[in-house]
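Okay, coords.cif is below, mmCIF, C-alpha atoms:
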```cif
data_my_file
loop_
_atom_site.label_atom_id
_atom_site.label_comp_id
_atom_site.auth_asym_id
_atom_site.auth_seq_id
_atom_site.Cartn_x
_atom_site.Cartn_y
_atom_site.Cartn_z
CA MET A 141 22.90 -13.11 5.15
CA SER A 142 23.24 -14.74 8.56
CA ASP A 143 25.73 -12.03 9.62
CA PHE A 144 23.05 -9.44 8.83
CA SER A 145 20.43 -11.04 11.10
CA ASP A 146 23.00 -11.89 13.81
CA GLU A 147 24.18 -8.28 14.05
CA LEU A 148 20.62 -6.97 14.05
CA LEU A 149 19.33 -9.40 16.70
CA GLU A 150 22.30 -8.80 19.00
CA TRP A 151 21.72 -5.05 18.76
CA TYR A 152 18.04 -5.61 19.55
CA ARG A 153 18.90 -7.74 22.58
CA LEU A 154 21.01 -4.93 24.00
CA SER A 155 19.11 -1.84 22.82
CA ARG A 156 15.45 -2.69 22.30
CA ARG A 157 12.73 -0.36 23.55
CA GLU A 158 10.86 -1.49 26.65
CA LEU A 159 7.23 -1.58 25.54
CA PRO A 160 4.34 -3.15 27.51
CA TRP A 161 3.04 -5.31 24.65
CA ARG A 162 6.45 -6.91 24.30
CA GLU A 163 6.44 -8.19 27.87
CA ASP A 164 3.54 -10.57 27.23
CA PRO A 165 3.23 -10.89 23.44
CA THR A 166 0.01 -12.90 23.26
CA PRO A 167 -1.81 -12.69 19.91
CA TYR A 168 -4.43 -10.30 21.31
CA HIS A 169 -1.81 -8.03 22.86
CA VAL A 170 0.25 -7.91 19.68
CA TRP A 171 -2.78 -7.31 17.47
CA LEU A 172 -4.14 -4.52 19.69
CA SER A 173 -0.76 -2.79 19.90
CA GLU A 174 -0.18 -2.98 16.15
CA ILE A 175 -3.54 -1.40 15.38
CA MET A 176 -2.89 1.35 17.93
CA LEU A 177 0.60 1.97 16.56
CA GLN A 178 -0.63 2.69 13.04
CA GLN A 179 0.10 6.40 12.47
CA THR A 180 0.74 6.90 16.21
CA ARG A 181 3.99 7.03 18.21
CA ALA A 182 4.78 4.26 20.67
CA GLY A 183 5.15 6.74 23.55
CA THR A 184 1.60 7.95 23.00
CA VAL A 185 0.19 4.44 22.67
CA LYS A 186 1.41 3.06 26.02
CA ALA A 187 -1.26 4.66 28.22
CA TYR A 188 -4.04 3.90 25.75
CA TYR A 189 -2.92 0.28 25.48
CA ARG A 190 -3.01 -0.23 29.25
CA ARG A 191 -6.39 1.49 29.60
CA PHE A 192 -7.93 -0.49 26.75
CA LEU A 193 -6.67 -3.83 28.14
CA LYS A 194 -7.97 -3.02 31.60
CA GLU A 195 -11.49 -2.57 30.22
CA LEU A 196 -11.39 -5.11 27.36
CA PRO A 197 -8.77 -7.74 28.27
CA ASP A 198 -9.50 -10.31 25.55
CA VAL A 199 -11.14 -10.95 22.20
CA ARG A 200 -14.49 -11.92 23.71
CA SER A 201 -14.83 -8.76 25.80
CA LEU A 202 -13.93 -6.64 22.77
CA ALA A 203 -16.44 -8.44 20.55
CA GLU A 204 -19.21 -7.96 23.13
CA ALA A 205 -18.45 -4.29 23.89
CA ASP A 206 -20.71 -1.64 22.40
CA GLU A 207 -19.23 0.74 19.85
CA ASP A 208 -19.44 3.85 22.05
CA THR A 209 -17.40 2.11 24.78
CA CYS A 210 -14.67 1.26 22.25
CA LEU A 211 -14.68 4.78 20.83
CA LYS A 212 -14.39 6.30 24.31
CA LEU A 213 -11.39 4.09 25.12
CA TRP A 214 -9.83 5.22 21.81
CA GLU A 215 -10.56 8.90 22.41
CA GLY A 216 -7.55 11.02 21.46
CA LEU A 217 -5.78 8.36 19.39
CA GLY A 218 -7.50 9.47 16.20
CA TYR A 219 -8.27 7.46 13.05
CA TYR A 220 -11.37 6.05 14.73
CA SER A 221 -12.10 3.59 11.93
CA ARG A 222 -9.24 1.56 13.41
CA VAL A 223 -11.13 0.75 16.61
CA ARG A 224 -14.38 0.15 14.76
CA ASN A 225 -12.59 -2.37 12.55
CA LEU A 226 -10.84 -3.88 15.59
CA ARG A 227 -14.21 -4.55 17.22
CA ARG A 228 -15.67 -5.93 13.98
CA ALA A 229 -12.67 -8.26 13.54
CA ALA A 230 -13.08 -9.49 17.14
CA GLN A 231 -16.67 -10.41 16.32
CA GLU A 232 -15.45 -12.27 13.22
CA ILE A 233 -12.91 -14.15 15.34
CA MET A 234 -15.64 -15.20 17.76
CA GLU A 235 -17.99 -16.27 14.97
CA GLU A 236 -15.56 -17.88 12.53
CA TRP A 237 -12.58 -18.95 14.64
CA GLY A 238 -14.15 -19.92 17.94
CA GLY A 239 -12.55 -16.99 19.72
CA GLU A 240 -8.99 -17.97 18.76
CA ILE A 241 -6.99 -15.46 16.71
CA PRO A 242 -5.76 -17.29 13.58
CA SER A 243 -2.02 -17.85 13.48
CA GLY A 244 -1.22 -17.48 9.78
CA SER A 245 -0.85 -14.21 7.89
CA ARG A 246 -3.08 -15.50 5.09
CA GLN A 247 -5.93 -16.07 7.54
CA LEU A 248 -5.33 -12.87 9.48
CA ILE A 249 -5.52 -10.69 6.39
CA ARG A 250 -9.11 -11.80 5.82
CA LEU A 251 -10.19 -10.10 9.04
CA THR A 252 -11.64 -6.59 8.90
CA GLY A 253 -9.02 -3.87 9.26
CA ILE A 254 -5.98 -6.13 8.88
CA GLY A 255 -3.69 -5.46 5.92
CA ASP A 256 -0.41 -6.95 4.75
CA TYR A 257 1.72 -5.23 7.39
CA THR A 258 -0.50 -6.00 10.41
CA ALA A 259 -1.00 -9.61 9.32
CA ALA A 260 2.77 -10.08 9.01
CA ALA A 261 3.52 -8.34 12.33
CA VAL A 262 0.98 -10.38 14.33
CA SER A 263 1.85 -13.71 12.72
CA SER A 264 5.61 -13.21 13.12
CA ILE A 265 5.64 -11.76 16.66
CA ALA A 266 2.83 -13.80 18.22
CA PHE A 267 3.22 -17.05 16.26
CA GLY A 268 6.76 -17.06 14.84
CA GLU A 269 5.86 -17.05 11.15
CA ARG A 270 8.82 -16.27 8.90
CA ILE A 271 7.47 -13.19 7.13
CA PRO A 272 8.77 -9.59 7.01
CA ALA A 273 6.42 -6.94 8.43
CA VAL A 274 7.14 -4.15 5.97
CA ASP A 275 5.95 -0.73 7.14
CA GLY A 276 7.34 2.76 6.62
CA ASN A 277 10.32 2.07 8.89
CA LEU A 278 11.32 -1.06 7.01
CA LEU A 279 10.84 0.61 3.64
CA ARG A 280 13.12 3.47 4.68
CA ILE A 281 15.80 1.12 6.00
CA PHE A 282 15.57 -1.02 2.86
CA SER A 283 15.97 2.03 0.60
CA ARG A 284 19.19 3.03 2.36
CA LEU A 285 20.66 -0.43 2.76
CA SER A 286 20.12 -1.26 -0.94
CA MET A 287 20.42 2.33 -2.28
CA TYR A 288 16.96 2.01 -3.79
CA GLU A 289 16.37 5.17 -5.81
CA GLU A 290 12.85 4.56 -7.12
CA ASN A 291 9.64 5.87 -5.55
CA ILE A 292 9.36 3.97 -2.26
CA LYS A 293 5.56 4.26 -2.16
CA THR A 294 4.86 1.96 -5.12
CA PRO A 295 3.66 -1.68 -4.87
CA GLN A 296 6.86 -2.74 -6.64
CA ALA A 297 9.01 -1.08 -3.98
CA ARG A 298 7.16 -3.01 -1.29
CA LYS A 299 7.67 -6.29 -3.18
CA ASP A 300 11.38 -5.53 -3.52
CA ALA A 301 11.62 -4.77 0.21
CA VAL A 302 9.82 -8.00 1.15
CA SER A 303 12.21 -9.98 -1.05
CA PHE A 304 15.22 -8.18 0.44
CA TYR A 305 14.22 -8.99 4.01
CA GLU A 306 13.09 -12.55 3.27
CA LYS A 307 16.64 -13.37 2.16
CA ARG A 308 18.07 -12.04 5.43
CA MET A 309 15.47 -13.20 7.95
CA PRO A 310 16.44 -16.03 10.36
CA GLU A 311 14.65 -19.36 10.23
CA SER A 312 11.51 -19.77 12.31
CA THR A 313 11.53 -21.82 15.49
CA GLY A 314 7.84 -22.58 14.91
CA ALA A 315 6.67 -20.64 17.95
CA GLY A 316 5.96 -17.04 18.92
CA GLY A 317 6.80 -15.17 22.10
CA LYS A 318 9.60 -12.96 23.36
CA ASP A 319 12.43 -15.17 22.14
CA ASN A 320 11.27 -16.02 18.63
CA PRO A 321 13.84 -14.85 16.06
CA CYS A 322 11.40 -13.91 13.28
CA GLY A 323 9.31 -11.67 15.50
CA ASN A 324 12.44 -10.15 17.01
CA PHE A 325 13.88 -9.54 13.54
CA ASN A 326 10.83 -7.45 12.62
CA GLN A 327 10.76 -5.64 15.95
CA ALA A 328 14.49 -4.94 15.73
CA LEU A 329 13.97 -3.24 12.37
CA MET A 330 11.03 -1.26 13.80
CA ASP A 331 13.27 -0.04 16.63
CA LEU A 332 16.12 0.69 14.24
CA GLY A 333 13.82 2.89 12.18
CA SER A 334 12.55 4.71 15.27
CA MET A 335 15.88 5.14 17.06
CA VAL A 336 18.70 5.14 14.48
CA CYS A 337 17.69 5.13 10.80
CA LEU A 338 15.53 8.20 11.31
CA PRO A 339 12.96 9.77 9.00
CA ASN A 340 13.23 13.44 8.03
CA ALA A 341 16.60 13.74 9.74
CA GLN A 342 20.20 12.67 9.45
CA PRO A 343 20.31 9.01 10.56
CA LEU A 344 22.59 8.08 13.44
CA CYS A 345 24.83 5.83 11.39
CA GLY A 346 27.54 5.63 14.05
CA GLY A 347 25.18 3.60 16.24
CA CYS A 348 23.72 1.41 13.48
CA PRO A 349 24.40 -2.33 13.64
CA LEU A 350 23.83 -2.58 9.88
CA SER A 351 26.11 0.25 8.73
CA GLY A 352 28.54 -2.32 7.34
CA PHE A 353 25.77 -3.67 5.10
CA CYS A 354 24.50 -0.25 3.95
CA LYS A 355 25.19 0.76 0.35
CA VAL A 356 24.26 4.40 0.70
CA HIS A 357 26.43 4.74 3.81
CA ALA A 358 29.38 3.25 1.90
CA ASP A 359 28.87 5.12 -1.38
CA ARG A 360 27.38 8.44 -0.19
CA PRO A 361 28.48 9.06 3.39
CA HIS A 362 26.47 11.80 5.13
CA ARG A 363 23.86 11.72 2.36
CA GLU A 364 21.78 8.87 3.75
CA SER A 365 18.87 11.22 4.44
CA GLU A 366 18.41 11.70 0.67
CA LEU A 367 16.71 8.31 0.65
CA PRO A 368 14.02 7.11 0.43
CA VAL A 369 12.67 8.81 -2.68
CA MET A 370 9.15 9.99 -1.85
CA PRO A 371 6.37 11.18 -4.17
CA PRO A 372 5.38 14.85 -3.90
CA LYS A 373 2.94 15.55 -1.09
CA LYS A 374 -0.55 16.63 -2.04
CA GLU A 375 -1.66 19.98 -0.68
CA LYS A 376 -4.17 19.61 2.15
CA LYS A 377 -7.61 21.11 1.76
CA THR A 378 -8.44 23.83 4.32
CA GLU A 379 -11.85 24.16 5.97
CA LYS A 380 -12.98 27.00 8.21
CA LEU A 381 -15.18 26.32 11.24
CA THR A 382 -16.70 28.29 14.09
CA VAL A 383 -16.87 26.20 17.29
CA PHE A 384 -19.22 26.91 20.18
CA VAL A 385 -18.83 26.04 23.85
CA ILE A 386 -22.49 26.47 24.85
CA ARG A 387 -23.15 26.25 28.57
CA CYS A 388 -26.24 26.24 30.73
CA GLY A 389 -25.06 26.26 34.32
CA ASP A 390 -22.75 23.28 34.73
CA ARG A 391 -23.93 21.56 31.54
CA THR A 392 -22.27 21.89 28.13
CA ALA A 393 -23.72 21.20 24.68
CA VAL A 394 -22.35 18.30 22.64
CA ASN A 395 -23.58 17.00 19.32
CA LYS A 396 -23.25 13.65 17.50
CA ARG A 397 -21.64 13.80 14.08
CA PRO A 398 -23.15 12.04 11.04
CA GLY A 399 -22.55 8.32 10.63
CA ARG A 400 -20.39 8.81 7.55
CA GLY A 401 -17.44 10.98 6.67
CA LEU A 402 -14.75 12.58 8.81
CA LEU A 403 -14.98 11.64 12.52
CA ALA A 404 -18.14 9.68 11.73
CA GLY A 405 -20.42 8.92 14.66
CA LEU A 406 -18.27 10.73 17.23
CA PHE A 407 -19.41 13.57 19.44
CA GLU A 408 -18.35 17.17 18.97
CA LEU A 409 -18.80 20.69 20.19
CA PRO A 410 -21.51 22.35 18.08
CA ASN A 411 -20.00 24.18 15.12
CA ALA A 412 -20.82 26.06 11.97
CA LYS A 413 -19.04 26.28 8.62
CA GLY A 414 -16.98 29.39 8.04
CA HIS A 415 -15.58 31.98 10.42
CA LEU A 416 -18.55 33.83 11.90
CA ASN A 417 -18.33 37.25 13.49
CA THR A 418 -20.15 37.90 16.76
CA ASP A 419 -23.41 39.02 15.13
CA GLU A 420 -23.41 36.04 12.77
CA ALA A 421 -22.65 33.73 15.70
CA VAL A 422 -25.63 35.10 17.65
CA ASP A 423 -27.87 34.57 14.61
CA TRP A 424 -26.62 30.98 14.27
CA LEU A 425 -27.23 30.30 17.97
CA ARG A 426 -30.77 31.66 17.83
CA SER A 427 -31.50 29.60 14.73
CA HIS A 428 -30.63 26.58 16.92
CA HIS A 429 -32.90 27.77 19.79
CA VAL A 430 -29.97 28.95 21.92
CA GLU A 431 -30.58 32.33 23.53
CA PRO A 432 -27.12 33.73 24.46
CA LEU A 433 -26.92 35.74 27.67
CA ARG A 434 -23.19 36.27 27.14
CA ILE A 435 -20.91 35.43 24.20
CA THR A 436 -17.12 35.66 24.35
CA SER A 437 -14.56 35.05 21.61
CA MET A 438 -12.16 32.16 22.29
CA GLY A 439 -9.75 32.91 19.45
CA GLY A 440 -8.37 30.64 16.78
CA ALA A 441 -7.12 27.04 16.68
CA GLU A 442 -5.95 24.62 14.03
CA HIS A 443 -6.12 20.85 13.67
CA VAL A 444 -4.35 18.91 10.93
CA PHE A 445 -5.90 15.72 9.58
CA THR A 446 -4.35 13.39 6.99
CA HIS A 447 -5.97 15.11 4.03
CA LYS A 448 -7.32 18.39 5.38
CA ILE A 449 -6.78 21.18 7.88
CA TRP A 450 -9.42 22.71 10.11
CA LYS A 451 -8.85 26.39 10.81
CA MET A 452 -11.20 27.23 13.66
CA THR A 453 -12.43 30.19 15.59
CA GLY A 454 -14.59 29.82 18.66
CA PHE A 455 -17.12 31.41 21.01
CA GLU A 456 -17.92 30.62 24.62
CA VAL A 457 -21.64 31.07 25.18
CA GLN A 458 -23.59 31.34 28.39
CA ALA A 459 -27.10 30.35 27.38
CA ASP A 460 -30.42 31.14 29.00
CA PRO A 461 -31.11 28.10 31.27
CA PHE A 462 -34.87 28.62 30.96
CA ALA A 463 -34.59 27.77 27.26
CA GLU A 464 -32.41 24.67 27.75
CA LYS A 465 -35.20 22.24 26.78
CA GLU A 466 -35.40 23.89 23.35
CA ILE A 467 -31.69 23.43 22.57
CA PRO A 468 -31.30 20.69 19.91
CA PHE A 469 -28.03 19.37 21.39
CA ILE A 470 -27.16 17.00 24.21
CA MET A 471 -26.59 18.96 27.42
CA ALA A 472 -24.05 17.01 29.47
CA ASP A 473 -22.23 17.59 32.73
CA ALA A 474 -18.50 17.11 33.27
CA GLY A 475 -18.79 13.47 34.35
CA GLU A 476 -20.86 12.51 31.31
CA ILE A 477 -18.46 14.22 28.92
CA ARG A 478 -15.52 12.52 30.62
CA ASP A 479 -17.01 9.02 30.82
CA ARG A 480 -19.56 8.68 28.03
CA TYR A 481 -19.03 10.93 25.04
CA CYS A 482 -16.06 10.45 22.73
CA ILE A 483 -14.98 13.91 21.59
CA PRO A 484 -11.98 13.87 19.24
CA SER A 485 -8.83 15.86 19.93
CA ALA A 486 -9.63 18.18 17.00
CA PHE A 487 -11.69 20.14 19.55
CA SER A 488 -9.15 20.00 22.37
CA ALA A 489 -8.24 23.71 22.22
CA TYR A 490 -11.85 24.56 23.05
CA MET A 491 -12.48 21.67 25.42
CA MET A 492 -9.92 23.32 27.69
CA ARG A 493 -12.39 26.15 28.18
CA LEU A 494 -14.97 23.97 29.91
CA ALA A 495 -15.82 24.21 33.59
CA PRO A 496 -13.28 23.15 36.27
CA GLY A 497 -13.08 19.37 36.38
CA GLU A 498 -13.85 19.06 32.66
CA GLU A 499 -10.36 19.98 31.44
CA ASN A 500 -9.39 16.45 30.47
CA ALA A 501 -12.65 15.57 28.78
CA GLY A 502 -12.12 14.86 25.13
CA GLN A 503 -8.35 14.51 25.39
#
```
Here is the file; what I need is its structure written in the form of structure tokens.
Amino acid sequence: MSDFSDELLEWYRLSRRELPWREDPTPYHVWLSEIMLQQTRAGTVKAYYRRFLKELPDVRSLAEADEDTCLKLWEGLGYYSRVRNLRRAAQEIMEEWGGEIPSGSRQLIRLTGIGDYTAAAVSSIAFGERIPAVDGNLLRIFSRLSMYEENIKTPQARKDAVSFYEKRMPESTGAGGKDNPCGNFNQALMDLGSMVCLPNAQPLCGGCPLSGFCKVHADRPHRESELPVMPPKKEKKTEKLTVFVIRCGDRTAVNKRPGRGLLAGLFELPNAKGHLNTDEAVDWLRSHHVEPLRITSMGGAEHVFTHKIWKMTGFEVQADPFAEKEIPFIMADAGEIRDRYCIPSAFSAYMMRLAPGEENAGQ
């Protein structure tokens, strides 16, 4: 067992990814990065992480920030419930823990938005707790190392993976930070899953420090990608939308979405259900007190969510400025869209059609 962790930690020392949250792994930094990294690649997260820390550098500033500020900082990362829960948990830390992030996984998991994986990652990396942080990477590695041929998405599979790693994890030094072996063990496995033991591809077994411990590599060479066993994917529901870029001079219409459901409480470009033709689009605009002086098709776009797909068509509309006061949307200029309104990346194909200087709004 010690050979396993020794090989892994030595590989990590020589090959680990350089990531900003690893350079100063305070509890807040680790927690923020782990929430951002859920369902998002590390390369994408780096810029968001730096921007978020610049504006909200600690738990107190996050707890005191208003929701729209947090959403704007998160704009483009998706899964916006993550940042809402992050802010709510910061408020809980201020109220219940005196502003200090709790060090144990059992305490962390009681905070809003923190599950088994995040609690284990934060407690091991920031505080040195001896606990495996089992995510999709670690499940995949476990399935190949142990030749686990059951459905990897079941609670039992996770329990088996936790037990597997607990037996191989080094002892805790009782402290967190860059040199703590338990945190490095988890981060080494995260890097191994991202760089070597790849998903949806042939793993790079020739560069794997654990190939000598891997059952599937020994028994089924070149068939490692057959594991893990995954349940069948559910077919995504498709929704059709018609999106409008409605402009009066240098101002563009935005609209706030309902407080519940998909993209709840975020801002959007006005839109209608279904794919409307030009005549139907003009009727829809007039029903919303928009008198179009010119309407131009913007073509189709698609955005894939976790459980559904938006298939969109769009129209660029030059509206009568004399009727602007009647329009039931927020009319915002480029600076306001850039700095104030969080518009999700689902609309990015049409946001690119805004006036010069607005191109990056909503990205």
Hits of the PyMOL selection byres ((chain A and resi 327) around 9) in this structure, as a PyMOL selection string: chain A and resi 152+156+261+265+273+322-326+328-332
Pull out every residue that the PyMOL selection byres ((chain A and resi 249-256) around 12) matches in the shown coordinates and put them as number ranges by chain. A: 171-172, 174-176, 178, 219-237, 241-248, 257-263, 271-275, 295, 298-299, 302
Residues at most 12 Å from Tyr481 of chain A, counting all atoms listed in the file, excluding those fewer than 5 positions away in the same chain, as a PDB file with C-alpha atoms, in the frame of the given file?
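Now in out.pdb:
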```pdb
ATOM      1  CA  GLU A 207     -19.230   0.740  19.850  1.00  0.00           C
ATOM      2  CA  ASP A 208     -19.440   3.850  22.050  1.00  0.00           C
ATOM      3  CA  THR A 209     -17.400   2.110  24.780  1.00  0.00           C
ATOM      4  CA  CYS A 210     -14.670   1.260  22.250  1.00  0.00           C
ATOM      5  CA  LEU A 211     -14.680   4.780  20.830  1.00  0.00           C
ATOM      6  CA  LYS A 212     -14.390   6.300  24.310  1.00  0.00           C
ATOM      7  CA  LEU A 213     -11.390   4.090  25.120  1.00  0.00           C
ATOM      8  CA  TRP A 214      -9.830   5.220  21.810  1.00  0.00           C
ATOM      9  CA  GLU A 215     -10.560   8.900  22.410  1.00  0.00           C
ATOM     10  CA  THR A 392     -22.270  21.890  28.130  1.00  0.00           C
ATOM     11  CA  ALA A 393     -23.720  21.200  24.680  1.00  0.00           C
ATOM     12  CA  VAL A 394     -22.350  18.300  22.640  1.00  0.00           C
ATOM     13  CA  ASN A 395     -23.580  17.000  19.320  1.00  0.00           C
ATOM     14  CA  LYS A 396     -23.250  13.650  17.500  1.00  0.00           C
ATOM     15  CA  ARG A 397     -21.640  13.800  14.080  1.00  0.00           C
ATOM     16  CA  GLY A 405     -20.420   8.920  14.660  1.00  0.00           C
ATOM     17  CA  LEU A 406     -18.270  10.730  17.230  1.00  0.00           C
ATOM     18  CA  PHE A 407     -19.410  13.570  19.440  1.00  0.00           C
ATOM     19  CA  GLU A 408     -18.350  17.170  18.970  1.00  0.00           C
ATOM     20  CA  LEU A 409     -18.800  20.690  20.190  1.00  0.00           C
ATOM     21  CA  ILE A 470     -27.160  17.000  24.210  1.00  0.00           C
ATOM     22  CA  MET A 471     -26.590  18.960  27.420  1.00  0.00           C
ATOM     23  CA  ALA A 472     -24.050  17.010  29.470  1.00  0.00           C
ATOM     24  CA  ASP A 473     -22.230  17.590  32.730  1.00  0.00           C
ATOM     25  CA  ALA A 474     -18.500  17.110  33.270  1.00  0.00           C
ATOM     26  CA  GLY A 475     -18.790  13.470  34.350  1.00  0.00           C
ATOM     27  CA  GLU A 476     -20.860  12.510  31.310  1.00  0.00           C
ATOM     28  CA  ALA A 501     -12.650  15.570  28.780  1.00  0.00           C
ATOM     29  CA  GLY A 502     -12.120  14.860  25.130  1.00  0.00           C
ATOM     30  CA  GLN A 503      -8.350  14.510  25.390  1.00  0.00           C
TER      31      GLN A 503
END
```
Hits from the PyMOL selection byres ((chain A and resi 415) around 7), listed as a compact mmCIF listing (two decimals) with C-alpha atoms, in the frame of the given file:
```
# COMPACT_ATOMS: atom_id res chain seq x y z
CA LYS A 380 -12.98 27.00 8.21
CA LEU A 381 -15.18 26.32 11.24
CA THR A 382 -16.70 28.29 14.09
CA LYS A 413 -19.04 26.28 8.62
CA GLY A 414 -16.98 29.39 8.04
CA LEU A 416 -18.55 33.83 11.90
CA ASN A 417 -18.33 37.25 13.49
CA THR A 453 -12.43 30.19 15.59
```
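Relative to atom CA of Ala441 of chain A, atom CA of Ala182 of chain A is found at 26.0 Å.
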Once 8 Å is added on each side, what centre and edge lengths in Å to one decimal does the axis-aligned box around all listed atoms of segment 342-358 of chain A have, as AutoDock Vina command-line options?
```
--center_x 24.8 --center_y 4.5 --center_z 8.3 --size_x 25.2 --size_y 32.3 --size_z 31.9
```
Long-range neighbours of segment 364-370 of chain A as an NGL selection string, 6 Å cut-off, all atoms listed in the file, 3 positions minimum in chain: :A and (280 or 283 or 291-292 or 342 or 356)
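Across the model, the gap from atom CA of Ala266 of chain A to atom CA of Phe353 of chain A is 28.3 Å.
For the pair atom CA of Val444 of chain A and atom CA of Leu177 of chain A, the interatomic distance is 18.5 Å.
With distances restricted to all atoms listed in the file, A:Asp319 is the closest residue to Glu163 of chain A from A:Asp319, A:Asn340, A:Phe144, A:Asp460.
Minimum atom-to-atom distances from A:Arg493, A:Leu285, A:Asp390, A:Gly440 to Cys345 of chain A were compared using only C-alpha atoms, and the lowest value belongs to A:Leu285.
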Within 12 Å of (25.0, -9.2, 8.4) in the file's own coordinates, which protein, DNA or RNA residues have an atom, counting all atoms listed in the file? List them as a ChimeraX atom specification. /A:141-151,285,305,307-310,348-354
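Among the candidates A:Leu217, A:Val457, A:Leu425, A:Val336, the one nearest to Pro484 of chain A when counting all atoms listed in the file is A:Leu217.
With only C-alpha atoms as the atoms that count, the minimum distance from Met491 of chain A to the choices A:Leu338, A:Ile477, A:Ile281, A:Cys388 is reached by A:Ile477.
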Using all atoms listed in the file - which residues lie no farther than 6 Å from the point (-19.5, 33.9, 21.4) in the file's frame? Write them as a PyMOL selection string. chain A and resi 435-437+455-457
